[in-house]
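*Asks:* One file is attached below, coords-v4.cif, containing mmCIF, C-alpha atoms.
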```cif
data_upload
#
loop_
_atom_site.group_PDB
_atom_site.id
_atom_site.type_symbol
_atom_site.label_atom_id
_atom_site.label_comp_id
_atom_site.auth_asym_id
_atom_site.auth_seq_id
_atom_site.Cartn_x
_atom_site.Cartn_y
_atom_site.Cartn_z
ATOM 1 C CA MET A 29 -19.835 20.319 -18.163
ATOM 2 C CA ARG A 30 -17.212 22.999 -17.552
ATOM 3 C CA ARG A 31 -19.495 24.874 -15.147
ATOM 4 C CA PHE A 32 -19.303 22.023 -12.663
ATOM 5 C CA ALA A 33 -15.488 21.880 -12.570
ATOM 6 C CA PRO A 34 -15.066 24.671 -9.939
ATOM 7 C CA VAL A 35 -17.791 23.127 -7.750
ATOM 8 C CA THR A 36 -16.119 19.734 -8.010
ATOM 9 C CA VAL A 37 -12.757 21.229 -6.984
ATOM 10 C CA VAL A 38 -14.311 22.994 -3.975
ATOM 11 C CA LEU A 39 -16.150 19.841 -2.859
ATOM 12 C CA ALA A 40 -13.038 17.705 -3.273
ATOM 13 C CA GLY A 41 -11.019 20.234 -1.233
ATOM 14 C CA ALA A 42 -13.638 20.230 1.534
ATOM 15 C CA LEU A 43 -13.577 16.445 1.712
ATOM 16 C CA VAL A 44 -9.782 16.396 1.940
ATOM 17 C CA LEU A 45 -9.817 18.963 4.762
ATOM 18 C CA ALA A 46 -12.569 17.089 6.596
ATOM 19 C CA GLY A 47 -10.337 14.006 6.588
ATOM 20 C CA CYS A 48 -7.484 15.874 8.289
ATOM 21 C CA GLY A 49 -7.125 15.819 12.084
ATOM 22 C CA SER A 50 -9.738 17.725 14.009
ATOM 23 C CA GLU A 51 -10.469 18.522 17.635
ATOM 24 C CA ASP A 52 -12.780 15.512 17.749
ATOM 25 C CA SER A 53 -9.988 13.067 16.944
ATOM 26 C CA PRO A 54 -10.089 10.639 19.900
ATOM 27 C CA ALA A 55 -6.360 9.904 19.825
ATOM 28 C CA ASP A 56 -5.435 13.555 20.229
ATOM 29 C CA SER A 57 -8.337 15.137 22.089
ATOM 30 C CA LYS A 58 -7.311 14.835 25.738
ATOM 31 C CA ALA A 59 -4.307 15.202 27.958
ATOM 32 C CA GLU A 60 -2.251 12.018 28.496
ATOM 33 C CA LEU A 61 -0.184 12.624 31.608
ATOM 34 C CA SER A 62 2.683 10.648 33.089
ATOM 35 C CA VAL A 63 5.101 11.485 35.899
ATOM 36 C CA SER A 64 8.808 10.662 35.982
ATOM 37 C CA ASP A 65 11.998 11.529 37.863
ATOM 38 C CA ALA A 66 10.175 12.203 41.154
ATOM 39 C CA TYR A 67 12.274 12.625 44.287
ATOM 40 C CA MET A 68 12.553 14.537 47.539
ATOM 41 C CA PRO A 69 15.982 15.441 48.917
ATOM 42 C CA GLN A 70 16.125 14.372 52.564
ATOM 43 C CA PRO A 71 14.952 17.450 54.440
ATOM 44 C CA VAL A 72 17.448 19.236 56.653
ATOM 45 C CA SER A 73 14.600 21.006 58.452
ATOM 46 C CA ASP A 74 11.992 19.339 60.658
ATOM 47 C CA SER A 75 9.223 21.468 59.160
ATOM 48 C CA MET A 76 10.039 22.002 55.451
ATOM 49 C CA ALA A 77 11.114 20.002 52.399
ATOM 50 C CA ALA A 78 11.202 20.287 48.620
ATOM 51 C CA GLY A 79 10.095 17.918 45.882
ATOM 52 C CA PHE A 80 10.973 17.589 42.225
ATOM 53 C CA LEU A 81 9.444 15.706 39.285
ATOM 54 C CA THR A 82 8.489 15.952 35.615
ATOM 55 C CA VAL A 83 4.926 15.790 34.306
ATOM 56 C CA THR A 84 4.786 14.836 30.612
ATOM 57 C CA ASN A 85 1.685 15.340 28.476
ATOM 58 C CA LYS A 86 1.617 13.220 25.303
ATOM 59 C CA GLY A 87 -1.942 14.307 24.529
ATOM 60 C CA GLY A 88 -3.225 17.039 22.265
ATOM 61 C CA THR A 89 -4.901 19.139 24.970
ATOM 62 C CA LYS A 90 -3.197 21.100 27.733
ATOM 63 C CA ASP A 91 -3.996 20.452 31.373
ATOM 64 C CA GLU A 92 -3.314 22.387 34.567
ATOM 65 C CA LEU A 93 -1.914 21.294 37.890
ATOM 66 C CA THR A 94 -4.344 22.899 40.343
ATOM 67 C CA SER A 95 -3.115 21.538 43.688
ATOM 68 C CA VAL A 96 -0.906 18.980 45.391
ATOM 69 C CA THR A 97 -1.613 17.013 48.574
ATOM 70 C CA SER A 98 0.431 14.628 50.716
ATOM 71 C CA ASP A 99 0.050 12.760 53.982
ATOM 72 C CA VAL A 100 3.343 14.211 55.315
ATOM 73 C CA GLY A 101 2.220 17.839 55.373
ATOM 74 C CA GLU A 102 0.930 20.771 53.381
ATOM 75 C CA VAL A 103 2.198 21.027 49.805
ATOM 76 C CA THR A 104 2.240 24.001 47.471
ATOM 77 C CA ALA A 105 3.740 24.472 44.029
ATOM 78 C CA HIS A 106 6.258 27.296 43.701
ATOM 79 C CA GLU A 107 7.913 28.857 40.704
ATOM 80 C CA THR A 108 11.094 30.852 40.641
ATOM 81 C CA VAL A 109 10.703 34.173 38.871
ATOM 82 C CA GLY A 110 13.989 36.002 38.525
ATOM 83 C CA SER A 111 15.649 35.589 41.902
ATOM 84 C CA SER A 112 12.471 35.213 43.967
ATOM 85 C CA MET A 113 10.177 32.303 44.709
ATOM 86 C CA GLN A 114 6.405 32.642 44.574
ATOM 87 C CA GLU A 115 3.488 30.287 45.124
ATOM 88 C CA ALA A 116 1.714 29.226 41.932
ATOM 89 C CA THR A 117 -1.991 28.412 41.977
ATOM 90 C CA ASP A 118 -2.202 26.776 38.529
ATOM 91 C CA LEU A 119 0.682 25.477 36.449
ATOM 92 C CA ALA A 120 0.127 24.565 32.803
ATOM 93 C CA VAL A 121 1.105 21.211 31.349
ATOM 94 C CA PRO A 122 1.145 22.043 27.624
ATOM 95 C CA ALA A 123 -0.155 19.672 24.958
ATOM 96 C CA HIS A 124 2.766 17.518 23.770
ATOM 97 C CA GLY A 125 4.948 19.157 26.432
ATOM 98 C CA GLN A 126 6.227 19.019 29.997
ATOM 99 C CA LEU A 127 5.951 20.706 33.357
ATOM 100 C CA VAL A 128 9.307 20.324 35.086
ATOM 101 C CA PHE A 129 9.887 20.830 38.804
ATOM 102 C CA LYS A 130 13.642 21.157 39.338
ATOM 103 C CA SER A 131 16.137 22.627 41.758
ATOM 104 C CA GLY A 132 16.428 26.368 41.093
ATOM 105 C CA GLY A 133 13.111 26.453 39.195
ATOM 106 C CA SER A 134 9.538 25.396 39.802
ATOM 107 C CA HIS A 135 9.335 22.966 42.726
ATOM 108 C CA LEU A 136 6.996 21.474 45.292
ATOM 109 C CA MET A 137 7.264 22.957 48.774
ATOM 110 C CA PHE A 138 6.302 20.736 51.712
ATOM 111 C CA GLU A 139 5.524 22.713 54.864
ATOM 112 C CA LYS A 140 4.317 21.916 58.382
ATOM 113 C CA LEU A 141 5.724 18.405 58.097
ATOM 114 C CA LYS A 142 3.948 15.883 60.329
ATOM 115 C CA ARG A 143 7.154 13.834 60.297
ATOM 116 C CA LYS A 144 10.597 14.268 58.780
ATOM 117 C CA PRO A 145 10.952 11.916 55.767
ATOM 118 C CA GLU A 146 14.156 9.871 55.871
ATOM 119 C CA GLN A 147 16.389 8.765 53.007
ATOM 120 C CA GLY A 148 15.212 5.433 51.562
ATOM 121 C CA GLU A 149 11.508 5.844 52.285
ATOM 122 C CA LYS A 150 8.807 7.047 49.887
ATOM 123 C CA VAL A 151 6.416 9.950 50.278
ATOM 124 C CA THR A 152 2.990 9.702 48.647
ATOM 125 C CA VAL A 153 2.008 12.808 46.689
ATOM 126 C CA LYS A 154 -1.301 13.404 44.900
ATOM 127 C CA LEU A 155 -1.199 15.765 41.936
ATOM 128 C CA HIS A 156 -4.621 17.239 41.148
ATOM 129 C CA PHE A 157 -5.231 18.286 37.534
ATOM 130 C CA ALA A 158 -8.110 20.322 36.076
ATOM 131 C CA GLU A 159 -8.896 17.805 33.313
ATOM 132 C CA SER A 160 -7.114 14.561 34.187
ATOM 133 C CA GLY A 161 -8.134 14.279 37.822
ATOM 134 C CA THR A 162 -5.717 12.964 40.435
ATOM 135 C CA VAL A 163 -2.377 11.274 39.751
ATOM 136 C CA THR A 164 -0.717 9.556 42.718
ATOM 137 C CA VAL A 165 3.080 9.537 42.822
ATOM 138 C CA GLU A 166 5.425 7.648 45.145
ATOM 139 C CA MET A 167 8.306 10.080 45.642
ATOM 140 C CA PRO A 168 11.510 8.435 46.918
ATOM 141 C CA VAL A 169 13.500 10.347 49.532
ATOM 142 C CA LYS A 170 17.096 10.707 48.362
ATOM 143 C CA SER A 171 20.195 12.077 50.093
ATOM 144 C CA ALA A 172 20.204 15.813 50.747
ATOM 145 C CA THR A 173 22.955 16.207 48.118
ATOM 146 C CA TYR A 174 21.333 13.996 45.451
ATOM 147 C CA SER A 175 21.737 15.298 41.895
ATOM 148 C CA PRO A 176 19.691 13.431 39.262
ATOM 149 C CA LYS A 177 21.183 12.403 35.949
ATOM 150 C CA THR A 178 18.190 13.958 34.158
ATOM 151 C CA GLY A 179 19.424 17.444 34.991
ATOM 152 C CA HIS A 180 16.804 18.565 37.461
#
```
Output the file's structure in the form of C-alpha coordinates.

*Replies:*
Amino acid sequence: MRRFAPVTVVLAGALVLAGCGSEDSPADSKAELSVSDAYMPQPVSDSMAAGFLTVTNKGGTKDELTSVTSDVGEVTAHETVGSSMQEATDLAVPAHGQLVFKSGGSHLMFEKLKRKPEQGEKVTVKLHFAESGTVTVEMPVKSATYSPKTGH
(Lines of atoms letter the chains of each structure in order from A and count residues from 1; the text may use other names and numbers.)
(Lines give C-alpha, C1' and ligand atoms only; values in the text may rest on other atoms or scores of the structure.)
Protein backbone atom coordinates (compact mmCIF):
# COMPACT_ATOMS: atom_id res chain seq x y z
CA MET A 1 0.00 0.00 0.00
CA ARG A 2 2.86 2.39 0.72
CA ARG A 3 4.23 2.03 -2.82
CA PHE A 4 1.17 3.77 -4.23
CA ALA A 5 1.42 6.84 -1.97
CA PRO A 6 3.95 8.73 -4.18
CA VAL A 7 1.91 7.96 -7.32
CA THR A 8 -1.25 9.18 -5.60
CA VAL A 9 0.48 12.43 -4.59
CA VAL A 10 1.75 13.02 -8.14
CA LEU A 11 -1.68 12.32 -9.67
CA ALA A 12 -3.42 14.56 -7.15
CA GLY A 13 -0.92 17.36 -7.89
CA ALA A 14 -1.49 16.99 -11.64
CA LEU A 15 -5.25 17.22 -11.19
CA VAL A 16 -4.92 20.35 -9.06
CA LEU A 17 -2.68 22.01 -11.67
CA ALA A 18 -5.01 21.00 -14.49
CA GLY A 19 -7.83 22.82 -12.68
CA CYS A 20 -5.86 26.08 -12.56
CA GLY A 21 -6.27 28.69 -15.30
CA SER A 22 -4.86 27.78 -18.67
CA GLU A 23 -4.53 29.41 -22.06
CA ASP A 24 -7.76 27.72 -23.11
CA SER A 25 -9.80 29.47 -20.43
CA PRO A 26 -12.52 31.25 -22.45
CA ALA A 27 -12.85 34.16 -20.02
CA ASP A 28 -9.18 35.07 -20.32
CA SER A 29 -8.12 33.89 -23.76
CA LYS A 30 -8.69 36.95 -25.95
CA ALA A 31 -8.24 40.68 -25.92
CA GLU A 32 -11.23 42.69 -24.63
CA LEU A 33 -10.74 46.22 -25.90
CA SER A 34 -12.55 49.43 -25.03
CA VAL A 35 -11.76 53.05 -25.89
CA SER A 36 -12.19 56.04 -23.59
CA ASP A 37 -11.19 59.69 -23.25
CA ALA A 38 -11.06 60.27 -27.03
CA TYR A 39 -10.75 63.84 -28.27
CA MET A 40 -9.17 66.02 -30.93
CA PRO A 41 -8.06 69.55 -30.06
CA GLN A 42 -9.48 71.93 -32.67
CA PRO A 43 -6.76 72.09 -35.30
CA VAL A 44 -4.96 75.39 -35.78
CA SER A 45 -3.70 74.21 -39.17
CA ASP A 46 -5.85 73.54 -42.23
CA SER A 47 -3.88 70.40 -43.05
CA MET A 48 -2.88 68.75 -39.73
CA ALA A 49 -4.42 67.77 -36.40
CA ALA A 50 -3.74 65.51 -33.44
CA GLY A 51 -5.91 63.00 -31.62
CA PHE A 52 -5.76 61.45 -28.18
CA LEU A 53 -7.48 58.47 -26.53
CA THR A 54 -6.95 55.46 -24.27
CA VAL A 55 -7.35 51.85 -25.38
CA THR A 56 -7.92 49.49 -22.44
CA ASN A 57 -7.53 45.72 -22.72
CA LYS A 58 -9.30 43.76 -19.96
CA GLY A 59 -8.52 40.45 -21.67
CA GLY A 60 -5.72 38.00 -21.08
CA THR A 61 -4.10 38.30 -24.52
CA LYS A 62 -2.27 41.30 -25.94
CA ASP A 63 -3.37 42.92 -29.17
CA GLU A 64 -1.72 45.38 -31.54
CA LEU A 65 -3.00 48.55 -33.13
CA THR A 66 -1.92 48.11 -36.76
CA SER A 67 -3.49 51.16 -38.43
CA VAL A 68 -5.97 54.00 -38.05
CA THR A 69 -8.32 55.43 -40.68
CA SER A 70 -10.68 58.41 -40.77
CA ASP A 71 -12.91 60.15 -43.28
CA VAL A 72 -11.27 63.54 -42.54
CA GLY A 73 -7.81 62.62 -43.80
CA GLU A 74 -4.83 60.32 -43.45
CA VAL A 75 -4.08 59.12 -39.92
CA THR A 76 -0.89 57.66 -38.51
CA ALA A 77 0.10 56.72 -34.98
CA HIS A 78 3.19 58.45 -33.61
CA GLU A 79 5.22 57.89 -30.49
CA THR A 80 7.53 60.32 -28.81
CA VAL A 81 10.96 58.86 -28.15
CA GLY A 82 13.15 61.21 -26.16
CA SER A 83 12.56 64.60 -27.73
CA SER A 84 11.64 63.37 -31.22
CA MET A 85 8.44 62.07 -32.76
CA GLN A 86 8.40 59.00 -34.99
CA GLU A 87 5.71 57.09 -36.84
CA ALA A 88 4.80 53.75 -35.26
CA THR A 89 3.60 50.87 -37.42
CA ASP A 90 2.32 48.61 -34.61
CA LEU A 91 1.56 49.63 -31.05
CA ALA A 92 0.98 46.97 -28.40
CA VAL A 93 -2.08 46.92 -26.18
CA PRO A 94 -0.87 44.64 -23.36
CA ALA A 95 -3.07 42.03 -21.72
CA HIS A 96 -4.77 43.64 -18.70
CA GLY A 97 -3.20 46.97 -19.70
CA GLN A 98 -3.57 50.17 -21.70
CA LEU A 99 -2.28 51.98 -24.74
CA VAL A 100 -2.49 55.70 -24.00
CA PHE A 101 -2.32 58.43 -26.63
CA LYS A 102 -1.65 61.71 -24.83
CA SER A 103 -0.19 65.14 -25.42
CA GLY A 104 3.61 64.89 -25.28
CA GLY A 105 3.54 61.11 -25.81
CA SER A 106 2.06 58.68 -28.30
CA HIS A 107 -0.67 60.36 -30.35
CA LEU A 108 -2.66 60.12 -33.55
CA MET A 109 -1.53 62.45 -36.33
CA PHE A 110 -4.13 63.53 -38.89
CA GLU A 111 -2.59 64.82 -42.11
CA LYS A 112 -3.87 66.04 -45.48
CA LEU A 113 -7.16 67.04 -43.89
CA LYS A 114 -10.08 67.06 -46.34
CA ARG A 115 -11.76 69.61 -44.07
CA LYS A 116 -10.81 71.39 -40.87
CA PRO A 117 -12.79 69.86 -37.95
CA GLU A 118 -14.49 72.49 -35.79
CA GLN A 119 -15.05 72.51 -32.03
CA GLY A 120 -18.31 70.76 -31.13
CA GLU A 121 -18.37 68.28 -34.00
CA LYS A 122 -17.22 64.65 -33.93
CA VAL A 123 -14.64 62.95 -36.11
CA THR A 124 -15.07 59.25 -36.88
CA VAL A 125 -11.90 57.21 -36.39
CA LYS A 126 -11.47 53.49 -37.09
CA LEU A 127 -8.82 51.71 -35.05
CA HIS A 128 -7.63 48.49 -36.73
CA PHE A 129 -6.29 45.77 -34.42
CA ALA A 130 -4.42 42.57 -35.32
CA GLU A 131 -6.71 40.30 -33.27
CA SER A 132 -9.82 42.30 -32.40
CA GLY A 133 -10.58 43.74 -35.82
CA THR A 134 -11.90 47.27 -36.20
CA VAL A 135 -13.15 49.52 -33.40
CA THR A 136 -14.99 52.68 -34.46
CA VAL A 137 -14.62 55.74 -32.24
CA GLU A 138 -16.48 59.06 -32.36
CA MET A 139 -13.83 61.59 -31.36
CA PRO A 140 -15.25 64.93 -30.18
CA VAL A 141 -13.42 68.07 -31.30
CA LYS A 142 -12.57 70.18 -28.26
CA SER A 143 -11.07 73.66 -27.94
CA ALA A 144 -7.44 74.00 -28.99
CA THR A 145 -6.49 74.55 -25.33
CA TYR A 146 -8.57 71.67 -23.90
CA SER A 147 -6.87 69.78 -21.06
CA PRO A 148 -8.65 66.59 -19.97
CA LYS A 149 -9.17 65.75 -16.32
CA THR A 150 -7.76 62.26 -16.96
CA GLY A 151 -4.27 63.68 -17.38
CA HIS A 152 -3.69 63.10 -21.06

*Asks:* Counting only C-alpha atoms, which residues in range 74-117 of chain A sit no more than 10 Å from range 134-142 of chain A? For each one, give the nearest pair of atoms and the distance in Å, sorted by chain then residue number, as a Markdown table.

*Replies:*
```
| residue | atom | partner | partner_atom | distance |
| --- | --- | --- | --- | --- |
| A:Asp74 | CA | A:Leu141 | CA | 6.8 |
| A:Ser75 | CA | A:Leu141 | CA | 4.8 |
| A:Met76 | CA | A:Glu139 | CA | 4.6 |
| A:Ala77 | CA | A:Phe138 | CA | 4.9 |
| A:Ala78 | CA | A:Met137 | CA | 4.8 |
| A:Gly79 | CA | A:Leu136 | CA | 4.8 |
| A:Phe80 | CA | A:His135 | CA | 5.6 |
| A:Leu81 | CA | A:His135 | CA | 8.0 |
| A:Val96 | CA | A:Leu136 | CA | 8.3 |
| A:Thr97 | CA | A:Phe138 | CA | 9.3 |
| A:Ser98 | CA | A:Phe138 | CA | 8.5 |
| A:Asp99 | CA | A:Lys142 | CA | 8.1 |
| A:Val100 | CA | A:Lys142 | CA | 5.3 |
| A:Gly101 | CA | A:Leu141 | CA | 4.5 |
| A:Glu102 | CA | A:Glu139 | CA | 5.2 |
| A:Val103 | CA | A:Phe138 | CA | 4.5 |
| A:Thr104 | CA | A:Met137 | CA | 5.3 |
| A:Ala105 | CA | A:Leu136 | CA | 4.6 |
| A:His106 | CA | A:His135 | CA | 5.4 |
| A:Glu107 | CA | A:Ser134 | CA | 3.9 |
| A:Thr108 | CA | A:Ser134 | CA | 5.7 |
| A:Val109 | CA | A:Ser134 | CA | 8.9 |
| A:Met113 | CA | A:Ser134 | CA | 8.5 |
| A:Gln114 | CA | A:Ser134 | CA | 9.2 |
| A:Glu115 | CA | A:Met137 | CA | 9.0 |
| A:Ala116 | CA | A:Ser134 | CA | 9.0 |
```

*Asks:* Could you tell me which of A:Leu61, A:Gln126, A:Leu155, A:Gly148 comes closest to Val169 in chain A if we count all atoms listed in the file?

*Replies:*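 Once distances to Val169 in chain A are computed over all atoms listed in the file, the minimum belongs to A:Gly148.
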
*Asks:* Fewer than 5 positions away in the same chain doesn't count, so skip those; otherwise give me all residues within 8 Å of Thr82 in chain A, counting all atoms listed in the file, as a VMD selection string.

*Replies:* chain A and resid 63 to 66 126 to 129

*Asks:* What is the distance, in Å and to one decimal place, between CA of Tyr174 in chain A and CA of Thr152 in chain A?

*Replies:*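 That distance, rounded to one decimal, is 19.1 Å.
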
*Asks:* Between A:Met167, A:Pro176, A:Lys86, A:Ala59, which one has atoms that come closest to Lys150 in chain A, using all atoms listed in the file?

*Replies:*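 Looking at the shortest contact to Lys150 in chain A, the residue is A:Met167.
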
*Asks:* Assuming the chain letters and numbering stay as they are in my file, what does the PyMOL selection byres ((chain A and resi 164) around 6) actually select? List them as a list of chain:residue names.

*Replies:*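 On the file shown, the PyMOL selection byres ((chain A and resi 164) around 6) covers A:Val153, A:Lys154, A:Val163, A:Val165.
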
*Asks:* What does the distance between CA of Lys90 in chain A and CA of Ser111 in chain A come to in Å, to one decimal place?

*Replies:*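 Going from CA of Lys90 in chain A over to CA of Ser111 in chain A covers 27.7 Å.
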
*Asks:* In Å, with one decimal, what is the gap from CA of Phe157 in chain A to CA of Ser95 in chain A?

*Replies:*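 Calculated distance between CA of Phe157 in chain A and CA of Ser95 in chain A is 7.3 Å.
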
*Asks:* Starting from the PyMOL selection byres ((chain A and resi 92) around 7), expand the selection into actual residues of this file and give them as a ChimeraX atom specification.

*Replies:* /A:90-91,93-94,118-121,157-158

*Asks:* Written as number ranges by chain, what is the full residue list that the PyMOL selection byres ((chain A and resi 89) around 8) yields on the file shown?

*Replies:* A: 56-59, 87-88, 90-91, 122-124
